[in-house]
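> Please find one structure pasted underneath; my questions will follow.
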Amino acid sequence: MSSPRSESPFALEYISTPSASPVPRSPTRRGFSPLLQSPLRSPTPEPRRSASVEHHSRSHSPANEPPIGEYLVPEEELVPAFSESPAIRLLYLQTVIGSIFGSRTVLQASETLTDVLDVLELAGNLPNPGANRYIAPARTLITAKRRLGLDADQYIERRPICTVCYKFYSMDEIEHMEIPDCIEEGCKGFVYREKRMADNTMKRIPAKIHCYSSLVKSISRFLLRSDFVKNLRDTSEDYHRTQVVRSEHDLLHDVHDGEAWTQMEAGLKREIGANGIIQDVEQYHGSRKPLVKCDVGLNMTFNLDWFGITDNRPHSTGALYGCFNNLHRSVRYLPRNIYLAMTIPGPKEPSLDQMNYLLTPLVEDLKCLYTGIA
């Protein structure tokens, strides 16, 4: 049986900083750059921009239009596939598309890629291995994805955990453990298994893996999408609008019409006093302010649910995912706008103590965003 779904709104602030070079601004957000590469570093010079983006740049004019060459992306910033011939790049794209949309298995896609490369080699259309800067063509699906910069696995953290209590162990800790047993008191689980490799050496393999996608990095990727940015509501007027006294008969059309929408604050940190009282205090003097008044104040709702993945025997696997309440409700729950934080391994639903271990990386990201980052 699946557990009842639990929902918890969490407010966080995401602040963009002005850069020295002109950066296009969103027409619906104040002080936000859709070209921000990462929340932890300043934006890099933007690549070639479309006319619609240039229209919103405050410094765009024919007088200061840079030469065309300045729009070109430096070679070192391109994905590896651009170091190969256009025919090879097209083959990589067709292989990946066939796997994603054509329902081909990994083995079938890799075999197709290898077959076409063999034909190109016989036709003399592959680069000479003795040529300068020769790059051997990819012959597997996963390598083709990496060459194209489409490997989503690079954004997923695979965290080794105990098979029973779900305590996290780093690979360095696993390599230095004397026995595979979990070190938590009273836990009967184990952390790794040993596998004999082809060279007859023994390798330690994590016994259980917990997959997590960083919230900070995920928000960075969301904000790089122009369609995501355009659908973010401008909340600058919400604070004054919701201060109007409502009657019990007023209709609420969305979460933004509720009183709690403007009561969430950012720029805070949580402290636990000596008497055990928990309170939120300012990160620094004057940092406390309503979330709706932040340049990019994102409000999220997290959902936790379990589902069965097998028919013949009970096996319950969970997922923790979040939606952005700032998005217009018509696109808020589209799969491309949902943040999948983690999958929760089965076969049973975890206990409270196990969930505390699993939620640790997400809590650390939320604490970081709650104080606001530039």
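Letters for chains follow the order of the structure tokens (A, B, ...), residue numbers begin at 1 for each chain, and ligand numbers begin at 1 in the order shown.
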Name the residues of range 49-194 of chain A that come out as helix (DSSP H, G or I) in a backbone DSSP run; write them as a ChimeraX atom specification.
/A:51-54,62-64,68-71,75-77,80-83,86-100,106-122,141-148,152-155,171-175
> Run DSSP on the backbone and grab whatever in range 178-365 of chain A lands in strand (DSSP E); send it over as number ranges by chain.
A: 192-196, 202-206, 209-213, 265-266, 268-272, 278-282, 289-290, 297-308, 316-324, 339-344
> Between CA of Asp227 in chain A and CA of Ser103 in chain A, what is the distance in Å, rounded to a tenth?
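Computed distance, CA of Asp227 in chain A to CA of Ser103 in chain A, equals 26.9 Å.
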> Compile the contact shell of range 124-132 of chain A as a PyMOL selection string: residues with an atom at most 12 Å away, counting only C-alpha atoms, same-chain residues fewer than 2 positions apart removed.
chain A and resi 83-88+116-122+134-138
> Using only C-alpha atoms, find each residue in range 260-352 of chain A having at least one atom no more than 9 Å away from range 152-174 of chain A; report its shortest atom-to-atom pair and that distance in Å (one decimal), rows by chain then rising number, as CSV.

residue,atom,partner,partner_atom,distance
A:Met342,CA,A:Ile156,CA,9.0
A:Pro350,CA,A:Tyr166,CA,8.9
A:Ser351,CA,A:Cys165,CA,8.8
> Write the residues you've just listed into a file as a PDB file, in the first residue's frame, and include all heavy atoms for each of them.

ATOM      1  N   MET A 342      15.055  13.067  -5.709  1.00  0.00           N
ATOM      2  CA  MET A 342      15.676  11.773  -5.431  1.00  0.00           C
ATOM      3  C   MET A 342      14.679  10.650  -5.640  1.00  0.00           C
ATOM      4  O   MET A 342      13.461  10.862  -5.617  1.00  0.00           O
ATOM      5  CB  MET A 342      16.196  11.722  -3.989  1.00  0.00           C
ATOM      6  CG  MET A 342      15.098  11.799  -2.934  1.00  0.00           C
ATOM      7  SD  MET A 342      15.752  11.789  -1.236  1.00  0.00           S
ATOM      8  CE  MET A 342      16.539  13.413  -1.163  1.00  0.00           C
ATOM      9  N   PRO A 350      10.722   3.488   3.712  1.00  0.00           N
ATOM     10  CA  PRO A 350      11.690   3.712   4.791  1.00  0.00           C
ATOM     11  C   PRO A 350      11.035   4.194   6.074  1.00  0.00           C
ATOM     12  O   PRO A 350       9.949   4.792   6.058  1.00  0.00           O
ATOM     13  CB  PRO A 350      12.620   4.777   4.205  1.00  0.00           C
ATOM     14  CG  PRO A 350      11.772   5.505   3.223  1.00  0.00           C
ATOM     15  CD  PRO A 350      10.841   4.478   2.642  1.00  0.00           C
ATOM     16  N   SER A 351      11.734   3.956   7.166  1.00  0.00           N
ATOM     17  CA  SER A 351      11.293   4.464   8.458  1.00  0.00           C
ATOM     18  C   SER A 351      11.677   5.931   8.583  1.00  0.00           C
ATOM     19  O   SER A 351      12.349   6.504   7.708  1.00  0.00           O
ATOM     20  CB  SER A 351      11.943   3.655   9.586  1.00  0.00           C
ATOM     21  OG  SER A 351      13.357   3.851   9.572  1.00  0.00           O
TER      22      SER A 351
END
> Leaving out Ser214 in chain A and any residue of its chain fewer than 2 positions from it, which residues lie within 12 Å of it when counting only C-alpha atoms, given as a PDB file with N, CA, C and O atoms, in the first residue's frame?

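What landed in selection-v1.pdb:
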ATOM      1  N   GLN A 154      25.553  12.913 -15.363  1.00  0.00           N
ATOM      2  CA  GLN A 154      26.544  13.758 -14.719  1.00  0.00           C
ATOM      3  C   GLN A 154      25.911  14.684 -13.679  1.00  0.00           C
ATOM      4  O   GLN A 154      26.614  15.254 -12.849  1.00  0.00           O
ATOM      5  N   TYR A 155      24.582  14.831 -13.720  1.00  0.00           N
ATOM      6  CA  TYR A 155      23.903  15.683 -12.749  1.00  0.00           C
ATOM      7  C   TYR A 155      23.343  14.882 -11.566  1.00  0.00           C
ATOM      8  O   TYR A 155      22.718  15.453 -10.679  1.00  0.00           O
ATOM      9  N   ILE A 156      23.537  13.579 -11.575  1.00  0.00           N
ATOM     10  CA  ILE A 156      22.978  12.723 -10.534  1.00  0.00           C
ATOM     11  C   ILE A 156      24.080  12.234  -9.613  1.00  0.00           C
ATOM     12  O   ILE A 156      25.085  11.687 -10.071  1.00  0.00           O
ATOM     13  N   GLU A 157      23.910  12.439  -8.323  1.00  0.00           N
ATOM     14  CA  GLU A 157      24.861  11.948  -7.336  1.00  0.00           C
ATOM     15  C   GLU A 157      24.442  10.540  -6.917  1.00  0.00           C
ATOM     16  O   GLU A 157      23.324  10.336  -6.450  1.00  0.00           O
ATOM     17  N   ARG A 158      25.348   9.600  -7.078  1.00  0.00           N
ATOM     18  CA  ARG A 158      25.092   8.233  -6.629  1.00  0.00           C
ATOM     19  C   ARG A 158      25.754   8.043  -5.271  1.00  0.00           C
ATOM     20  O   ARG A 158      26.971   7.914  -5.180  1.00  0.00           O
ATOM     21  N   ARG A 159      24.926   8.021  -4.248  1.00  0.00           N
ATOM     22  CA  ARG A 159      25.420   8.021  -2.874  1.00  0.00           C
ATOM     23  C   ARG A 159      25.335   6.603  -2.285  1.00  0.00           C
ATOM     24  O   ARG A 159      24.241   6.071  -2.102  1.00  0.00           O
ATOM     25  N   CYS A 211      20.148   7.721  -5.266  1.00  0.00           N
ATOM     26  CA  CYS A 211      20.350   8.723  -6.313  1.00  0.00           C
ATOM     27  C   CYS A 211      19.745  10.057  -5.896  1.00  0.00           C
ATOM     28  O   CYS A 211      18.573  10.123  -5.517  1.00  0.00           O
ATOM     29  N   TYR A 212      20.548  11.112  -5.998  1.00  0.00           N
ATOM     30  CA  TYR A 212      20.101  12.464  -5.624  1.00  0.00           C
ATOM     31  C   TYR A 212      20.554  13.459  -6.682  1.00  0.00           C
ATOM     32  O   TYR A 212      21.672  13.395  -7.186  1.00  0.00           O
ATOM     33  N   VAL A 216      20.518  22.988  -5.959  1.00  0.00           N
ATOM     34  CA  VAL A 216      21.193  24.205  -6.413  1.00  0.00           C
ATOM     35  C   VAL A 216      21.534  24.116  -7.894  1.00  0.00           C
ATOM     36  O   VAL A 216      21.261  25.027  -8.673  1.00  0.00           O
ATOM     37  N   LYS A 217      22.114  22.991  -8.314  1.00  0.00           N
ATOM     38  CA  LYS A 217      22.478  22.830  -9.721  1.00  0.00           C
ATOM     39  C   LYS A 217      21.241  22.716 -10.602  1.00  0.00           C
ATOM     40  O   LYS A 217      21.234  23.192 -11.739  1.00  0.00           O
ATOM     41  N   SER A 218      20.190  22.081 -10.086  1.00  0.00           N
ATOM     42  CA  SER A 218      18.969  21.934 -10.880  1.00  0.00           C
ATOM     43  C   SER A 218      18.311  23.280 -11.138  1.00  0.00           C
ATOM     44  O   SER A 218      17.826  23.556 -12.240  1.00  0.00           O
ATOM     45  N   ILE A 219      18.277  24.144 -10.117  1.00  0.00           N
ATOM     46  CA  ILE A 219      17.705  25.471 -10.313  1.00  0.00           C
ATOM     47  C   ILE A 219      18.500  26.251 -11.350  1.00  0.00           C
ATOM     48  O   ILE A 219      17.930  26.981 -12.173  1.00  0.00           O
ATOM     49  N   SER A 220      19.812  26.087 -11.337  1.00  0.00           N
ATOM     50  CA  SER A 220      20.634  26.753 -12.351  1.00  0.00           C
ATOM     51  C   SER A 220      20.214  26.343 -13.751  1.00  0.00           C
ATOM     52  O   SER A 220      20.094  27.184 -14.658  1.00  0.00           O
ATOM     53  N   ARG A 221      19.966  25.043 -13.945  1.00  0.00           N
ATOM     54  CA  ARG A 221      19.564  24.571 -15.277  1.00  0.00           C
ATOM     55  C   ARG A 221      18.158  25.038 -15.628  1.00  0.00           C
ATOM     56  O   ARG A 221      17.879  25.372 -16.786  1.00  0.00           O
ATOM     57  N   TYR A 321       9.784  14.871  -5.154  1.00  0.00           N
ATOM     58  CA  TYR A 321       9.850  15.822  -6.253  1.00  0.00           C
ATOM     59  C   TYR A 321       9.199  17.141  -5.828  1.00  0.00           C
ATOM     60  O   TYR A 321       8.383  17.182  -4.906  1.00  0.00           O
ATOM     61  N   TYR A 339      11.008  19.280 -10.524  1.00  0.00           N
ATOM     62  CA  TYR A 339      12.332  18.938 -10.017  1.00  0.00           C
ATOM     63  C   TYR A 339      12.256  17.598  -9.296  1.00  0.00           C
ATOM     64  O   TYR A 339      11.606  17.479  -8.262  1.00  0.00           O
ATOM     65  N   LEU A 340      12.883  16.566  -9.852  1.00  0.00           N
ATOM     66  CA  LEU A 340      12.957  15.263  -9.203  1.00  0.00           C
ATOM     67  C   LEU A 340      14.188  15.246  -8.319  1.00  0.00           C
ATOM     68  O   LEU A 340      15.318  15.157  -8.805  1.00  0.00           O
ATOM     69  N   ALA A 341      13.992  15.355  -7.025  1.00  0.00           N
ATOM     70  CA  ALA A 341      15.113  15.461  -6.092  1.00  0.00           C
ATOM     71  C   ALA A 341      15.821  14.132  -5.906  1.00  0.00           C
ATOM     72  O   ALA A 341      17.054  14.063  -5.932  1.00  0.00           O
ATOM     73  N   MET A 342      15.055  13.067  -5.709  1.00  0.00           N
ATOM     74  CA  MET A 342      15.676  11.773  -5.431  1.00  0.00           C
ATOM     75  C   MET A 342      14.679  10.650  -5.640  1.00  0.00           C
ATOM     76  O   MET A 342      13.461  10.862  -5.617  1.00  0.00           O
ATOM     77  N   LEU A 359      17.233  12.372   3.350  1.00  0.00           N
ATOM     78  CA  LEU A 359      16.926  13.783   3.092  1.00  0.00           C
ATOM     79  C   LEU A 359      18.097  14.717   3.392  1.00  0.00           C
ATOM     80  O   LEU A 359      18.009  15.915   3.107  1.00  0.00           O
ATOM     81  N   THR A 360      19.173  14.197   3.969  1.00  0.00           N
ATOM     82  CA  THR A 360      20.294  15.052   4.377  1.00  0.00           C
ATOM     83  C   THR A 360      20.825  15.939   3.261  1.00  0.00           C
ATOM     84  O   THR A 360      20.989  17.155   3.449  1.00  0.00           O
ATOM     85  N   PRO A 361      21.140  15.428   2.050  1.00  0.00           N
ATOM     86  CA  PRO A 361      21.681  16.317   1.010  1.00  0.00           C
ATOM     87  C   PRO A 361      20.695  17.389   0.571  1.00  0.00           C
ATOM     88  O   PRO A 361      21.091  18.524   0.288  1.00  0.00           O
ATOM     89  N   LEU A 362      19.396  17.063   0.504  1.00  0.00           N
ATOM     90  CA  LEU A 362      18.394  18.062   0.122  1.00  0.00           C
ATOM     91  C   LEU A 362      18.279  19.141   1.186  1.00  0.00           C
ATOM     92  O   LEU A 362      18.174  20.335   0.871  1.00  0.00           O
ATOM     93  N   VAL A 363      18.313  18.755   2.455  1.00  0.00           N
ATOM     94  CA  VAL A 363      18.227  19.728   3.544  1.00  0.00           C
ATOM     95  C   VAL A 363      19.410  20.691   3.490  1.00  0.00           C
ATOM     96  O   VAL A 363      19.245  21.906   3.684  1.00  0.00           O
ATOM     97  N   GLU A 364      20.599  20.174   3.194  1.00  0.00           N
ATOM     98  CA  GLU A 364      21.772  21.041   3.101  1.00  0.00           C
ATOM     99  C   GLU A 364      21.621  22.045   1.960  1.00  0.00           C
ATOM    100  O   GLU A 364      21.980  23.219   2.106  1.00  0.00           O
ATOM    101  N   ASP A 365      21.087  21.618   0.819  1.00  0.00           N
ATOM    102  CA  ASP A 365      20.857  22.543  -0.298  1.00  0.00           C
ATOM    103  C   ASP A 365      19.796  23.579   0.057  1.00  0.00           C
ATOM    104  O   ASP A 365      19.928  24.765  -0.282  1.00  0.00           O
ATOM    105  N   LEU A 366      18.739  23.157   0.739  1.00  0.00           N
ATOM    106  CA  LEU A 366      17.676  24.085   1.118  1.00  0.00           C
ATOM    107  C   LEU A 366      18.184  25.124   2.109  1.00  0.00           C
ATOM    108  O   LEU A 366      17.826  26.300   2.029  1.00  0.00           O
ATOM    109  N   CYS A 368      21.170  26.237   2.276  1.00  0.00           N
ATOM    110  CA  CYS A 368      22.005  27.151   1.503  1.00  0.00           C
ATOM    111  C   CYS A 368      21.158  28.167   0.745  1.00  0.00           C
ATOM    112  O   CYS A 368      21.418  29.365   0.767  1.00  0.00           O
ATOM    113  N   LEU A 369      20.077  27.688   0.111  1.00  0.00           N
ATOM    114  CA  LEU A 369      19.215  28.578  -0.661  1.00  0.00           C
ATOM    115  C   LEU A 369      18.363  29.461   0.231  1.00  0.00           C
ATOM    116  O   LEU A 369      17.989  30.575  -0.154  1.00  0.00           O
TER     117      LEU A 369
END
> Looking at only C-alpha atoms, which of A:Leu90, A:Leu320, A:Leu107, A:Val292 is the one that sits closest to Ser236 in chain A?
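Of all the options, A:Val292 lies closest to Ser236 in chain A.
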